[in-house]
Amino acid sequence: MNPEKWLEEHGDILYRFAMQRSQDSEVAADLVQETLLSAWKSKDSFAGSSTVRTWLIGILKHKWIDYLRKEIRQREHIELADGDPTAWFDAHNGKWKEEPSQWHGDPETLCQNEQFIQILKTCAEHLPAKQKLVFDMREFQGLDSDEICKVCEITPTNLHVLLHRARLGLRHCLDKHWFGG
Amino acid sequence: MKHACEKISHLASEKLERKLSLRELFMMQIHFLMCHACRQYSRNMLKLHQTLQLRLKAKDNEALLPDEKREKIKCVIQALHMNRG
């Protein structure tokens with residue numbers, strides 16, 4: 001049980017995990033440090049039933065959720081019901097006002113196209129705040145629905161509505177600026 | 001049906017979040033037969049999701065803890081050790 005050894009052996013893995021979520025090297029390194037310190041403080045609670053790495057990643061996950069909660073609290077309270085999804089549809093016949101266009105390119109190519117990712121991020125920037133936040137967590141940080149609901153303190157139904165609205169907004173923006181609808 | 005496409009596009013999004021019931025899947029498929037726009041939308045959203053999943057996986061193997069940050073953390077740990085004697 002030695003935090004210096006943990007840093008040596010698991011530092012990169014922990015950092016990668018934190019980077020993937022925060023996309024910010026300062027925040028990620030801080031999270032690694034906090035994780036190691038808090039692991040050292042609670043080393044007696046390490047049951048030995050899991051590997052040290054799993055145990056450390058578990059602590060890091062909690063640190064990340066704490067960090068997100070703080071971030072959310074720091075922002076103004078954001079209205080849940082922003083953005084009206086029915087605006088994309090004709091009120092009379094219930095059909096799309098503008099048909100979604102066909103998106104060319106397969107995921108394997110698109111994911112390596114930095115220009116596409118930039119346009120996507122710019123589109124996401126223009127979403128209403130809460131939609132942007134949950135879409136970010138879900139698709140850019142790779143959290144699953146349960147984790148996001150816990151962090152944002154919302155129900156799965158609320159989350160699904162927010163993601164649905166975010167996706168409607170993004171498809172419009174991407175049709176316009178990337179796929180040339 | 002009023003708001004039909006809105007409902008189906010909502011289901012298309014939820015399909016990426018949870019397992020849909022057989023009834024929901026059936027409803028979607030029937031709607032897709034009549035509605036090219038929703039079929040297209042559903043495909044696009046799946047593609048977007050898969051693209052970002054692949055990107056996350058690729059990023060997984062990249063980042064390394066930079067040396068100067070590693071050194072800083074080491075210092076903090078050593079300081080902590082000294083304080084505890």
# chains A, B, ... in the order shown; residues from 1 in each chain; ligands from 1
$ interface_residues --of "chain B" --to "chain A" --cutoff "9 Å" --atoms "only C-alpha atoms" --output "MDAnalysis selection string"
chainID B and resid 1:6 9:14 17:18 35:38 40:41 43:45 47:56 58:66 69:70 72:74 76:78 80
$ closest_residue --among "A:Lys41, A:Lys63, A:Lys150, A:His177" --to "Met137 of chain A" --atoms "only C-alpha atoms"
A:Lys150
$ select_by_dssp --residues "chain A" --states "alpha helix (DSSP H)" --output "CSV table (one decimal) with N, CA and C atoms, in the first residue's frame"
chain,number,residue,atom,x,y,z
A,3,PRO,N,1.1,5.1,-2.1
A,3,PRO,CA,0.5,5.9,-3.2
A,3,PRO,C,1.5,6.3,-4.3
A,4,GLU,N,2.8,6.3,-4.0
A,4,GLU,CA,3.8,6.6,-5.0
A,4,GLU,C,3.9,5.4,-6.0
A,5,LYS,N,3.7,4.2,-5.5
A,5,LYS,CA,3.7,3.1,-6.4
A,5,LYS,C,2.4,3.1,-7.2
A,6,TRP,N,1.3,3.5,-6.6
A,6,TRP,CA,0.0,3.6,-7.3
A,6,TRP,C,0.2,4.6,-8.5
A,7,LEU,N,0.8,5.7,-8.2
A,7,LEU,CA,1.0,6.7,-9.2
A,7,LEU,C,1.8,6.2,-10.4
A,8,GLU,N,2.9,5.4,-10.0
A,8,GLU,CA,3.7,4.8,-11.0
A,8,GLU,C,3.0,3.8,-11.9
A,9,GLU,N,2.2,3.0,-11.2
A,9,GLU,CA,1.6,1.8,-11.9
A,9,GLU,C,0.3,2.2,-12.6
A,10,HIS,N,-0.5,3.1,-12.0
A,10,HIS,CA,-1.9,3.3,-12.5
A,10,HIS,C,-2.1,4.7,-12.9
A,11,GLY,N,-1.1,5.6,-12.7
A,11,GLY,CA,-1.2,7.0,-13.1
A,11,GLY,C,-1.8,7.3,-14.5
A,12,ASP,N,-1.2,6.6,-15.5
A,12,ASP,CA,-1.7,6.8,-16.8
A,12,ASP,C,-3.1,6.4,-17.1
A,13,ILE,N,-3.4,5.2,-16.5
A,13,ILE,CA,-4.8,4.7,-16.6
A,13,ILE,C,-5.8,5.7,-16.0
A,14,LEU,N,-5.5,6.1,-14.8
A,14,LEU,CA,-6.4,7.1,-14.1
A,14,LEU,C,-6.5,8.4,-14.9
A,15,TYR,N,-5.3,8.8,-15.4
A,15,TYR,CA,-5.3,10.1,-16.1
A,15,TYR,C,-6.2,10.0,-17.4
A,16,ARG,N,-6.0,8.9,-18.1
A,16,ARG,CA,-6.7,8.6,-19.3
A,16,ARG,C,-8.3,8.7,-19.1
A,17,PHE,N,-8.6,8.0,-18.0
A,17,PHE,CA,-10.1,7.9,-17.6
A,17,PHE,C,-10.6,9.3,-17.3
A,18,ALA,N,-9.8,10.1,-16.6
A,18,ALA,CA,-10.2,11.5,-16.3
A,18,ALA,C,-10.2,12.4,-17.5
A,19,MET,N,-9.2,12.2,-18.4
A,19,MET,CA,-9.1,13.0,-19.6
A,19,MET,C,-10.3,12.8,-20.5
A,20,GLN,N,-10.7,11.5,-20.6
A,20,GLN,CA,-11.8,11.1,-21.4
A,20,GLN,C,-13.1,11.8,-21.0
A,21,ARG,N,-13.2,12.0,-19.7
A,21,ARG,CA,-14.4,12.6,-19.2
A,21,ARG,C,-14.3,14.2,-19.2
A,22,SER,N,-13.2,14.7,-18.7
A,22,SER,CA,-13.1,16.1,-18.6
A,22,SER,C,-12.6,16.8,-19.8
A,25,SER,N,-6.7,18.8,-19.4
A,25,SER,CA,-5.5,18.1,-18.8
A,25,SER,C,-5.3,18.6,-17.3
A,26,GLU,N,-5.6,19.9,-17.0
A,26,GLU,CA,-5.5,20.4,-15.7
A,26,GLU,C,-6.5,19.7,-14.7
A,27,VAL,N,-7.7,19.7,-15.2
A,27,VAL,CA,-8.8,19.0,-14.4
A,27,VAL,C,-8.4,17.6,-14.2
A,28,ALA,N,-8.0,16.9,-15.2
A,28,ALA,CA,-7.7,15.5,-15.2
A,28,ALA,C,-6.6,15.2,-14.2
A,29,ALA,N,-5.5,16.0,-14.2
A,29,ALA,CA,-4.4,15.8,-13.3
A,29,ALA,C,-4.8,16.0,-11.9
A,30,ASP,N,-5.6,17.0,-11.7
A,30,ASP,CA,-6.1,17.3,-10.3
A,30,ASP,C,-7.0,16.1,-9.8
A,31,LEU,N,-7.8,15.6,-10.7
A,31,LEU,CA,-8.6,14.4,-10.3
A,31,LEU,C,-7.7,13.2,-9.9
A,32,VAL,N,-6.7,13.0,-10.6
A,32,VAL,CA,-5.8,11.9,-10.3
A,32,VAL,C,-5.1,12.1,-8.9
A,33,GLN,N,-4.7,13.3,-8.7
A,33,GLN,CA,-4.1,13.6,-7.4
A,33,GLN,C,-5.1,13.4,-6.3
A,34,GLU,N,-6.3,14.0,-6.4
A,34,GLU,CA,-7.3,13.8,-5.4
A,34,GLU,C,-7.6,12.4,-5.1
A,35,THR,N,-7.7,11.6,-6.2
A,35,THR,CA,-8.0,10.2,-6.1
A,35,THR,C,-6.9,9.5,-5.3
A,36,LEU,N,-5.7,9.7,-5.6
A,36,LEU,CA,-4.6,9.0,-4.9
A,36,LEU,C,-4.6,9.4,-3.4
A,37,LEU,N,-4.8,10.7,-3.1
A,37,LEU,CA,-4.8,11.2,-1.7
A,37,LEU,C,-5.9,10.6,-1.0
A,38,SER,N,-7.1,10.5,-1.6
A,38,SER,CA,-8.2,10.0,-0.9
A,38,SER,C,-8.2,8.5,-0.8
A,39,ALA,N,-7.5,7.9,-1.7
A,39,ALA,CA,-7.3,6.4,-1.6
A,39,ALA,C,-6.4,6.1,-0.4
A,40,TRP,N,-5.3,6.9,-0.3
A,40,TRP,CA,-4.4,6.7,0.8
A,40,TRP,C,-5.1,6.9,2.1
A,41,LYS,N,-5.9,8.0,2.2
A,41,LYS,CA,-6.6,8.2,3.5
A,41,LYS,C,-7.6,7.0,3.9
A,52,VAL,N,-6.3,-3.4,-7.1
A,52,VAL,CA,-6.0,-2.0,-6.7
A,52,VAL,C,-6.5,-1.0,-7.8
A,53,ARG,N,-6.3,-1.4,-9.1
A,53,ARG,CA,-6.7,-0.6,-10.2
A,53,ARG,C,-8.2,-0.3,-10.2
A,54,THR,N,-9.0,-1.4,-10.0
A,54,THR,CA,-10.4,-1.2,-10.0
A,54,THR,C,-10.9,-0.4,-8.8
A,55,TRP,N,-10.2,-0.6,-7.7
A,55,TRP,CA,-10.5,0.2,-6.5
A,55,TRP,C,-10.2,1.7,-6.8
A,56,LEU,N,-9.1,2.0,-7.3
A,56,LEU,CA,-8.7,3.4,-7.6
A,56,LEU,C,-9.7,4.0,-8.6
A,57,ILE,N,-10.0,3.3,-9.7
A,57,ILE,CA,-10.9,3.8,-10.7
A,57,ILE,C,-12.3,4.1,-10.1
A,58,GLY,N,-12.7,3.3,-9.1
A,58,GLY,CA,-14.0,3.5,-8.4
A,58,GLY,C,-13.9,4.8,-7.7
A,59,ILE,N,-12.8,5.1,-7.0
A,59,ILE,CA,-12.7,6.4,-6.3
A,59,ILE,C,-12.7,7.5,-7.3
A,60,LEU,N,-12.0,7.4,-8.4
A,60,LEU,CA,-11.9,8.4,-9.4
A,60,LEU,C,-13.3,8.7,-9.9
A,61,LYS,N,-14.1,7.7,-10.1
A,61,LYS,CA,-15.5,7.9,-10.6
A,61,LYS,C,-16.2,8.8,-9.7
A,62,HIS,N,-16.1,8.6,-8.4
A,62,HIS,CA,-16.8,9.4,-7.4
A,62,HIS,C,-16.2,10.8,-7.4
A,63,LYS,N,-14.9,11.0,-7.6
A,63,LYS,CA,-14.3,12.3,-7.6
A,63,LYS,C,-14.9,13.1,-8.8
A,64,TRP,N,-15.0,12.4,-9.9
A,64,TRP,CA,-15.5,13.0,-11.2
A,64,TRP,C,-17.0,13.5,-11.0
A,65,ILE,N,-17.8,12.6,-10.3
A,65,ILE,CA,-19.2,13.0,-10.1
A,65,ILE,C,-19.2,14.2,-9.2
A,66,ASP,N,-18.4,14.2,-8.1
A,66,ASP,CA,-18.3,15.4,-7.2
A,66,ASP,C,-18.0,16.6,-8.0
A,67,TYR,N,-17.0,16.5,-8.9
A,67,TYR,CA,-16.6,17.6,-9.7
A,67,TYR,C,-17.7,18.2,-10.6
A,68,LEU,N,-18.4,17.3,-11.2
A,68,LEU,CA,-19.5,17.7,-12.1
A,68,LEU,C,-20.6,18.4,-11.3
A,69,ARG,N,-20.9,17.8,-10.1
A,69,ARG,CA,-22.0,18.4,-9.3
A,69,ARG,C,-21.6,19.8,-8.9
A,70,LYS,N,-20.4,20.0,-8.6
A,70,LYS,CA,-19.9,21.4,-8.3
A,70,LYS,C,-20.1,22.3,-9.5
A,71,GLU,N,-19.7,21.8,-10.6
A,71,GLU,CA,-19.8,22.6,-11.9
A,71,GLU,C,-21.3,23.0,-12.1
A,72,ILE,N,-22.2,22.0,-11.9
A,72,ILE,CA,-23.6,22.3,-12.2
A,72,ILE,C,-24.1,23.3,-11.2
A,73,ARG,N,-23.7,23.2,-10.0
A,73,ARG,CA,-24.2,24.1,-8.9
A,73,ARG,C,-23.7,25.5,-9.2
A,74,GLN,N,-22.5,25.6,-9.8
A,74,GLN,CA,-21.9,26.9,-10.1
A,74,GLN,C,-22.7,27.7,-11.2
A,107,PRO,N,-19.4,5.6,-39.7
A,107,PRO,CA,-18.8,6.1,-38.4
A,107,PRO,C,-17.3,6.0,-38.3
A,108,GLU,N,-16.7,4.9,-38.9
A,108,GLU,CA,-15.3,4.7,-38.9
A,108,GLU,C,-14.5,5.9,-39.5
A,109,THR,N,-15.1,6.5,-40.5
A,109,THR,CA,-14.4,7.6,-41.2
A,109,THR,C,-14.7,8.9,-40.4
A,110,LEU,N,-16.0,9.0,-40.1
A,110,LEU,CA,-16.4,10.3,-39.5
A,110,LEU,C,-15.7,10.5,-38.1
A,114,GLU,N,-11.6,15.3,-38.0
A,114,GLU,CA,-11.6,16.4,-37.0
A,114,GLU,C,-12.5,17.6,-37.3
A,115,GLN,N,-12.6,17.8,-38.7
A,115,GLN,CA,-13.4,18.9,-39.1
A,115,GLN,C,-14.9,18.7,-38.8
A,116,PHE,N,-15.3,17.4,-39.0
A,116,PHE,CA,-16.7,17.0,-38.6
A,116,PHE,C,-16.9,17.2,-37.2
A,117,ILE,N,-15.9,16.7,-36.4
A,117,ILE,CA,-16.1,16.8,-34.9
A,117,ILE,C,-16.2,18.2,-34.5
A,118,GLN,N,-15.4,19.1,-35.1
A,118,GLN,CA,-15.4,20.5,-34.7
A,118,GLN,C,-16.8,21.1,-35.0
A,119,ILE,N,-17.4,20.8,-36.2
A,119,ILE,CA,-18.7,21.3,-36.6
A,119,ILE,C,-19.7,20.8,-35.6
A,120,LEU,N,-19.6,19.5,-35.3
A,120,LEU,CA,-20.5,18.9,-34.3
A,120,LEU,C,-20.5,19.6,-33.0
A,121,LYS,N,-19.2,19.9,-32.5
A,121,LYS,CA,-19.1,20.6,-31.2
A,121,LYS,C,-19.7,22.0,-31.3
A,122,THR,N,-19.4,22.7,-32.4
A,122,THR,CA,-20.0,24.0,-32.5
A,122,THR,C,-21.5,24.0,-32.5
A,123,CYS,N,-22.1,23.0,-33.2
A,123,CYS,CA,-23.5,22.8,-33.2
A,123,CYS,C,-24.0,22.6,-31.7
A,124,ALA,N,-23.3,21.7,-31.0
A,124,ALA,CA,-23.7,21.4,-29.6
A,124,ALA,C,-23.6,22.7,-28.7
A,125,GLU,N,-22.6,23.5,-29.0
A,125,GLU,CA,-22.5,24.8,-28.3
A,125,GLU,C,-23.8,25.6,-28.3
A,129,ALA,N,-28.7,25.2,-22.7
A,129,ALA,CA,-27.6,24.8,-21.8
A,129,ALA,C,-27.8,23.3,-21.2
A,130,LYS,N,-28.9,23.0,-20.8
A,130,LYS,CA,-29.1,21.7,-20.1
A,130,LYS,C,-29.0,20.5,-21.2
A,131,GLN,N,-29.5,20.8,-22.4
A,131,GLN,CA,-29.4,19.8,-23.4
A,131,GLN,C,-28.0,19.6,-23.8
A,132,LYS,N,-27.2,20.7,-23.9
A,132,LYS,CA,-25.8,20.6,-24.2
A,132,LYS,C,-25.1,19.7,-23.1
A,133,LEU,N,-25.4,20.0,-21.9
A,133,LEU,CA,-24.7,19.4,-20.8
A,133,LEU,C,-24.9,17.9,-20.8
A,134,VAL,N,-26.2,17.4,-21.0
A,134,VAL,CA,-26.4,16.0,-20.9
A,134,VAL,C,-25.9,15.3,-22.2
A,135,PHE,N,-26.0,16.0,-23.3
A,135,PHE,CA,-25.4,15.4,-24.6
A,135,PHE,C,-23.9,15.2,-24.5
A,145,SER,N,-26.6,6.3,-19.0
A,145,SER,CA,-27.8,7.0,-18.5
A,145,SER,C,-27.9,7.1,-17.0
A,146,ASP,N,-27.6,6.0,-16.3
A,146,ASP,CA,-27.7,6.0,-14.8
A,146,ASP,C,-26.8,7.0,-14.2
A,147,GLU,N,-25.6,7.1,-14.7
A,147,GLU,CA,-24.6,8.0,-14.1
A,147,GLU,C,-25.1,9.4,-14.3
A,148,ILE,N,-25.6,9.7,-15.5
A,148,ILE,CA,-26.0,11.1,-15.8
A,148,ILE,C,-27.2,11.5,-14.9
A,149,CYS,N,-28.1,10.6,-14.8
A,149,CYS,CA,-29.3,10.9,-13.9
A,149,CYS,C,-28.9,11.2,-12.5
A,150,LYS,N,-27.9,10.4,-12.0
A,150,LYS,CA,-27.4,10.6,-10.6
A,150,LYS,C,-26.8,12.0,-10.5
A,151,VAL,N,-25.9,12.3,-11.4
A,151,VAL,CA,-25.1,13.5,-11.3
A,151,VAL,C,-26.1,14.7,-11.4
A,152,CYS,N,-27.0,14.7,-12.4
A,152,CYS,CA,-27.9,15.9,-12.6
A,152,CYS,C,-29.1,15.8,-11.8
A,156,PRO,N,-34.8,9.3,-15.5
A,156,PRO,CA,-34.5,8.8,-16.8
A,156,PRO,C,-35.4,9.4,-17.9
A,157,THR,N,-36.7,9.6,-17.5
A,157,THR,CA,-37.7,10.2,-18.5
A,157,THR,C,-37.2,11.6,-18.9
A,158,ASN,N,-36.8,12.4,-17.9
A,158,ASN,CA,-36.3,13.7,-18.2
A,158,ASN,C,-35.1,13.7,-19.0
A,159,LEU,N,-34.2,12.8,-18.7
A,159,LEU,CA,-32.9,12.7,-19.5
A,159,LEU,C,-33.3,12.3,-20.9
A,160,HIS,N,-34.2,11.4,-21.1
A,160,HIS,CA,-34.5,11.0,-22.5
A,160,HIS,C,-35.1,12.1,-23.3
A,161,VAL,N,-35.9,12.9,-22.6
A,161,VAL,CA,-36.5,14.1,-23.3
A,161,VAL,C,-35.4,15.1,-23.7
A,162,LEU,N,-34.5,15.3,-22.8
A,162,LEU,CA,-33.4,16.3,-23.1
A,162,LEU,C,-32.5,15.8,-24.2
A,163,LEU,N,-32.2,14.5,-24.2
A,163,LEU,CA,-31.3,13.9,-25.3
A,163,LEU,C,-32.1,14.0,-26.6
A,164,HIS,N,-33.4,13.7,-26.6
A,164,HIS,CA,-34.2,13.7,-27.8
A,164,HIS,C,-34.2,15.1,-28.4
A,165,ARG,N,-34.3,16.1,-27.5
A,165,ARG,CA,-34.3,17.5,-28.0
A,165,ARG,C,-33.0,17.9,-28.5
A,166,ALA,N,-31.9,17.5,-27.8
A,166,ALA,CA,-30.6,17.8,-28.2
A,166,ALA,C,-30.3,17.2,-29.6
A,167,ARG,N,-30.8,15.9,-29.8
A,167,ARG,CA,-30.5,15.3,-31.1
A,167,ARG,C,-31.3,15.9,-32.2
A,168,LEU,N,-32.5,16.4,-31.9
A,168,LEU,CA,-33.3,17.1,-33.0
A,168,LEU,C,-32.6,18.4,-33.4
A,169,GLY,N,-32.1,19.1,-32.4
A,169,GLY,CA,-31.4,20.3,-32.7
A,169,GLY,C,-30.1,20.0,-33.5
A,170,LEU,N,-29.4,19.0,-33.1
A,170,LEU,CA,-28.1,18.7,-33.8
A,170,LEU,C,-28.3,18.2,-35.2
A,171,ARG,N,-29.3,17.4,-35.4
A,171,ARG,CA,-29.5,16.9,-36.8
A,171,ARG,C,-29.8,18.1,-37.7
A,172,HIS,N,-30.6,19.1,-37.2
A,172,HIS,CA,-30.9,20.3,-38.0
A,172,HIS,C,-29.6,21.1,-38.3
A,173,CYS,N,-28.8,21.3,-37.3
A,173,CYS,CA,-27.5,22.0,-37.4
A,173,CYS,C,-26.5,21.3,-38.4
A,174,LEU,N,-26.4,19.9,-38.2
A,174,LEU,CA,-25.5,19.2,-39.0
A,174,LEU,C,-26.0,19.1,-40.5
A,175,ASP,N,-27.3,18.9,-40.6
A,175,ASP,CA,-27.9,19.0,-42.0
A,175,ASP,C,-27.5,20.2,-42.7
A,176,LYS,N,-27.5,21.3,-42.0
A,176,LYS,CA,-27.3,22.6,-42.6
A,176,LYS,C,-25.8,22.9,-42.8
A,177,HIS,N,-25.0,22.5,-41.9
A,177,HIS,CA,-23.6,22.9,-41.9
A,177,HIS,C,-22.6,21.8,-42.3
